[in-house]
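Here the structure comes first, spelled out in structure tokens, and everything after it is commentary.
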Amino acid sequence: MNVFHCDHCQHTVFFENVSCLSCGHALAYLPDVGDMAALAPEGNGQWRSLSPASNNRRYRLCDNYALNGVCNWALPADAPHSLCRACRLTRVLPNQDQPGNLEAWGKLEVAKRRLVHSLLQLNLPLNSHLDDAENGLAFDFLSDSGETQDGGAVLTGHQNGVITINIAEADDLERERRRLAMREPYRTLLGHFRHEVGHYYWDLFSPDHAWLSAFRQRFGDEREDYAAALQRHYDQGPRADWQQQHVTSYASTHPWEDWAETWAHYLHMTDSLDTAAACGFSLRPSRSDEPQMTAPRSGFHPARPFDLMIEDWLALIYALNNLNRSMGLADGYPFVLAPPVIEKLRFVHDTVTRN
């Protein structure tokens with residue numbers, strides 16, 4: 001994630017802001033130029049961007065910004081639709097008649113926008129189901145209160161390009177309860193989005209026979225019975241040696257889940273490294289045997305060697321976890337990356353950078 005500044009007063013602004021806290025200018029993220037821009041009203045619902053990258057282009061606020069207050073993105077004034085690129089991905093909204101659902105929807109959209117920003121920065125294919133019915137991506141945000149056809153519990157997951165998220169995950173207390181029940185070291189809304197979109201991209205990449213063959217060499221044969229593997233995992237727990245081969249215990253369930261977990265961790269890594277680079281973060285320890293990190297090479301770039309990225313990532317999480325412990329918090333990244341896991345991350349990196 002970049003560090004953004006108000007185009008009017010140069011005060012620091014953040015990705016979720018809707019106005020500059022210093023000068024009061026309205027703000028919106030412009031996905032066509034990848035910038036948080038200060039806006040000047042032009043009348044008739046149009047705004048002029050003050051960002052130099054947009055060359056005074058006119059924009060309209062996304063309807064979910066202007067009408068519902070759950071978005072802060074804009075779209076070109078001449079766009080044929082009323083929703084921004086991120087909001088057009090959502091197919092089913094939470095029932096707004098249920099108390100708390102508007103707030104839950106807002107939290108879901110915040111996480112989804114961070115996901116979309118990362119995918120666009122990585123130049124990955126990203127089309128809405130509205131524009132590509134066969135290969136497009138869609139999100140359904142549902143609750144357990146009778147919104148499923150059979151009235152049962154909503155399961156967060158992916159199927160045929162549709163990612164379903166149970167809006168209970170937007171409740172911090174409920175998400176923590178589920179994390180403890182599942183004995184997970186980490187569970188966040190953004191993590192769910194990153195994991196599930198990994199399944200979506202597996203579907204896009206797997207028709208390539210050469211890619212699929214290389215995938216099987218690293219992750220295993222996905223033709224293994226998925227339902228049986230999942231049941232075995234929940235009945236018996238993860239395999240005893242999972243930490244030697246997988247980034248999480250859940251990744252040991254099946255090659256599909258191994259891919260999705262590894263994909264999510266790759267997005268954790270690239271986005272965090274980009275943020276560290278934008279903030280000028282570096283590590284210069286007094287001892288030569290401690291992790292080091294130099295800011296100029298810490299961000300993501302497709303031409304940057306993967307080995308340098310991993311070196312920076314290990315240094316960054318060393319600092320992150322130590323800082324968290326100093327605050328009395330759990331580790332920000334409570335995972336160990338065994339050599340086979342790093343090679344799987346390398347495979348994801350090679351897949352992303354070839355596109």
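Residues in the structure tokens are named by chain (A, B, ... in the order shown) and by number from 1 within that chain; ligands are numbered from 1 in the order shown.
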
Non-local contacts of region 158-162 of chain A (6 Å; only C-alpha atoms; under 5 positions in same chain excluded) as a PDB file with N, CA and C atoms, in the first residue's frame:
```
ATOM      1  N   LEU A 137     -15.440 -12.402 -11.566  1.00  0.00           N
ATOM      2  CA  LEU A 137     -15.444 -12.628 -10.128  1.00  0.00           C
ATOM      3  C   LEU A 137     -16.659 -11.960  -9.508  1.00  0.00           C
ATOM      4  N   ALA A 138     -17.263 -12.625  -8.523  1.00  0.00           N
ATOM      5  CA  ALA A 138     -18.414 -12.069  -7.818  1.00  0.00           C
ATOM      6  C   ALA A 138     -18.289 -12.380  -6.331  1.00  0.00           C
ATOM      7  N   PHE A 139     -18.864 -11.501  -5.517  1.00  0.00           N
ATOM      8  CA  PHE A 139     -18.898 -11.701  -4.070  1.00  0.00           C
ATOM      9  C   PHE A 139     -20.347 -11.701  -3.598  1.00  0.00           C
ATOM     10  N   GLU A 196      -9.757 -16.826  -0.298  1.00  0.00           N
ATOM     11  CA  GLU A 196     -10.801 -17.261  -1.247  1.00  0.00           C
ATOM     12  C   GLU A 196     -10.493 -16.825  -2.673  1.00  0.00           C
ATOM     13  N   TYR A 200     -10.148 -18.687  -6.715  1.00  0.00           N
ATOM     14  CA  TYR A 200     -10.598 -18.122  -7.997  1.00  0.00           C
ATOM     15  C   TYR A 200      -9.471 -18.118  -9.018  1.00  0.00           C
TER      16      TYR A 200
END
```

Shell around region 344-348 of chain A at 8 Å using only C-alpha atoms, local window under 4 positions removed, as a compact mmCIF listing (two decimals) with C-alpha atoms, in the first residue's frame:
```txt
# COMPACT_ATOMS: atom_id res chain seq x y z
CA PHE A 215 1.70 -26.98 -9.53
CA ARG A 218 4.98 -28.53 -5.48
CA PHE A 219 1.50 -28.77 -3.97
CA THR A 262 0.08 -19.89 0.16
CA TRP A 263 -1.54 -17.39 -2.21
CA HIS A 265 0.43 -15.34 2.42
CA TYR A 266 2.01 -14.08 -0.78
CA PHE A 306 12.18 -13.37 -5.27
CA PRO A 340 9.29 -26.06 1.08
CA VAL A 352 1.97 -13.65 -10.74
```

Tell me, which residues of region 234-353 of chain A carry DSSP helix (DSSP H, G or I), written as an MDAnalysis selection string? chainID A and resid 234:236 242:244 250:252 255:278 295:297 306:326 339:353

Compile a residue-level contact table for region 71-182 of chain A against region 36-52 of chain A at a cut-off of 10 Å, reporting for every qualifying residue the shortest atom pair and its distance in Å to one decimal, with only C-alpha atoms counted, rows ordered by chain and ascending number, as CSV.
```
residue,atom,partner,partner_atom,distance
A:Asn72,CA,A:Met36,CA,9.4
A:Trp73,CA,A:Met36,CA,8.7
A:Ala74,CA,A:Trp47,CA,9.2
A:Pro76,CA,A:Gln46,CA,9.1
A:Ala77,CA,A:Gln46,CA,6.5
A:Asp78,CA,A:Gln46,CA,9.9
```

Need the shell around Asp35 (chain A): protein/DNA/RNA residues with any atom at most 8 Å away, counting only C-alpha atoms. Skip same-chain ones fewer than 5 positions apart. Format as a list in words?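 After dropping sequence-adjacent residues, the list is Phe4, Tyr29, Leu30, Ser51 and Ala53 of chain A.
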
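Inside region 92-292 of chain A, the residues DSSP reads as strand (DSSP E or B) when given the backbone are Val92, Ser128, Leu137, Ala138, Phe139, Asp140, Phe141, Leu142, Gly157, His158, Gln159, Val162, Ile163, Thr164, Ile165, Asn166 and Leu283 of chain A.
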
Keeping N, CA, C and O atoms, export the residues of the selection given above as a PDB file, in the first residue's frame.
```
ATOM      1  N   VAL A  92     -24.324  -9.970  -4.131  1.00  0.00           N
ATOM      2  CA  VAL A  92     -25.387 -10.043  -3.128  1.00  0.00           C
ATOM      3  C   VAL A  92     -24.956  -9.264  -1.901  1.00  0.00           C
ATOM      4  O   VAL A  92     -23.865  -9.492  -1.367  1.00  0.00           O
ATOM      5  N   SER A 128     -15.368  -8.190 -13.395  1.00  0.00           N
ATOM      6  CA  SER A 128     -16.602  -8.437 -12.673  1.00  0.00           C
ATOM      7  C   SER A 128     -17.453  -9.465 -13.406  1.00  0.00           C
ATOM      8  O   SER A 128     -17.390  -9.597 -14.635  1.00  0.00           O
ATOM      9  N   LEU A 137     -15.440 -12.402 -11.566  1.00  0.00           N
ATOM     10  CA  LEU A 137     -15.444 -12.628 -10.128  1.00  0.00           C
ATOM     11  C   LEU A 137     -16.659 -11.960  -9.508  1.00  0.00           C
ATOM     12  O   LEU A 137     -17.046 -10.855  -9.907  1.00  0.00           O
ATOM     13  N   ALA A 138     -17.263 -12.625  -8.523  1.00  0.00           N
ATOM     14  CA  ALA A 138     -18.414 -12.069  -7.818  1.00  0.00           C
ATOM     15  C   ALA A 138     -18.289 -12.380  -6.331  1.00  0.00           C
ATOM     16  O   ALA A 138     -17.703 -13.396  -5.938  1.00  0.00           O
ATOM     17  N   PHE A 139     -18.864 -11.501  -5.517  1.00  0.00           N
ATOM     18  CA  PHE A 139     -18.898 -11.701  -4.070  1.00  0.00           C
ATOM     19  C   PHE A 139     -20.347 -11.701  -3.598  1.00  0.00           C
ATOM     20  O   PHE A 139     -21.127 -10.827  -3.977  1.00  0.00           O
ATOM     21  N   ASP A 140     -20.689 -12.675  -2.767  1.00  0.00           N
ATOM     22  CA  ASP A 140     -21.984 -12.721  -2.086  1.00  0.00           C
ATOM     23  C   ASP A 140     -21.736 -12.554  -0.600  1.00  0.00           C
ATOM     24  O   ASP A 140     -21.004 -13.345   0.010  1.00  0.00           O
ATOM     25  N   PHE A 141     -22.337 -11.538  -0.005  1.00  0.00           N
ATOM     26  CA  PHE A 141     -22.215 -11.294   1.426  1.00  0.00           C
ATOM     27  C   PHE A 141     -23.520 -11.705   2.094  1.00  0.00           C
ATOM     28  O   PHE A 141     -24.555 -11.043   1.931  1.00  0.00           O
ATOM     29  N   LEU A 142     -23.488 -12.791   2.851  1.00  0.00           N
ATOM     30  CA  LEU A 142     -24.700 -13.383   3.400  1.00  0.00           C
ATOM     31  C   LEU A 142     -24.572 -13.593   4.912  1.00  0.00           C
ATOM     32  O   LEU A 142     -23.473 -13.683   5.450  1.00  0.00           O
ATOM     33  N   GLY A 157     -16.602 -19.368   1.363  1.00  0.00           N
ATOM     34  CA  GLY A 157     -15.917 -20.224   0.404  1.00  0.00           C
ATOM     35  C   GLY A 157     -16.017 -19.688  -1.011  1.00  0.00           C
ATOM     36  O   GLY A 157     -16.538 -18.597  -1.256  1.00  0.00           O
ATOM     37  N   HIS A 158     -15.519 -20.479  -1.947  1.00  0.00           N
ATOM     38  CA  HIS A 158     -15.505 -20.101  -3.362  1.00  0.00           C
ATOM     39  C   HIS A 158     -16.052 -21.231  -4.208  1.00  0.00           C
ATOM     40  O   HIS A 158     -15.776 -22.415  -3.946  1.00  0.00           O
ATOM     41  N   GLN A 159     -16.833 -20.884  -5.217  1.00  0.00           N
ATOM     42  CA  GLN A 159     -17.305 -21.871  -6.181  1.00  0.00           C
ATOM     43  C   GLN A 159     -17.619 -21.176  -7.498  1.00  0.00           C
ATOM     44  O   GLN A 159     -18.418 -20.243  -7.546  1.00  0.00           O
ATOM     45  N   VAL A 162     -17.592 -17.378  -7.694  1.00  0.00           N
ATOM     46  CA  VAL A 162     -18.378 -16.660  -6.689  1.00  0.00           C
ATOM     47  C   VAL A 162     -17.765 -16.903  -5.303  1.00  0.00           C
ATOM     48  O   VAL A 162     -17.652 -18.050  -4.867  1.00  0.00           O
ATOM     49  N   ILE A 163     -17.368 -15.838  -4.644  1.00  0.00           N
ATOM     50  CA  ILE A 163     -16.842 -15.919  -3.287  1.00  0.00           C
ATOM     51  C   ILE A 163     -17.945 -15.512  -2.318  1.00  0.00           C
ATOM     52  O   ILE A 163     -18.481 -14.398  -2.407  1.00  0.00           O
ATOM     53  N   THR A 164     -18.297 -16.420  -1.425  1.00  0.00           N
ATOM     54  CA  THR A 164     -19.303 -16.150  -0.411  1.00  0.00           C
ATOM     55  C   THR A 164     -18.597 -15.865   0.909  1.00  0.00           C
ATOM     56  O   THR A 164     -17.710 -16.611   1.321  1.00  0.00           O
ATOM     57  N   ILE A 165     -18.981 -14.774   1.544  1.00  0.00           N
ATOM     58  CA  ILE A 165     -18.443 -14.415   2.850  1.00  0.00           C
ATOM     59  C   ILE A 165     -19.594 -14.325   3.841  1.00  0.00           C
ATOM     60  O   ILE A 165     -20.584 -13.619   3.604  1.00  0.00           O
ATOM     61  N   ASN A 166     -19.494 -15.057   4.934  1.00  0.00           N
ATOM     62  CA  ASN A 166     -20.465 -14.940   6.012  1.00  0.00           C
ATOM     63  C   ASN A 166     -20.203 -13.630   6.744  1.00  0.00           C
ATOM     64  O   ASN A 166     -19.105 -13.410   7.246  1.00  0.00           O
ATOM     65  N   LEU A 283      15.940  -1.713   8.340  1.00  0.00           N
ATOM     66  CA  LEU A 283      16.514  -2.288   9.553  1.00  0.00           C
ATOM     67  C   LEU A 283      18.025  -2.282   9.412  1.00  0.00           C
ATOM     68  O   LEU A 283      18.566  -2.859   8.463  1.00  0.00           O
TER      69      LEU A 283
END
```
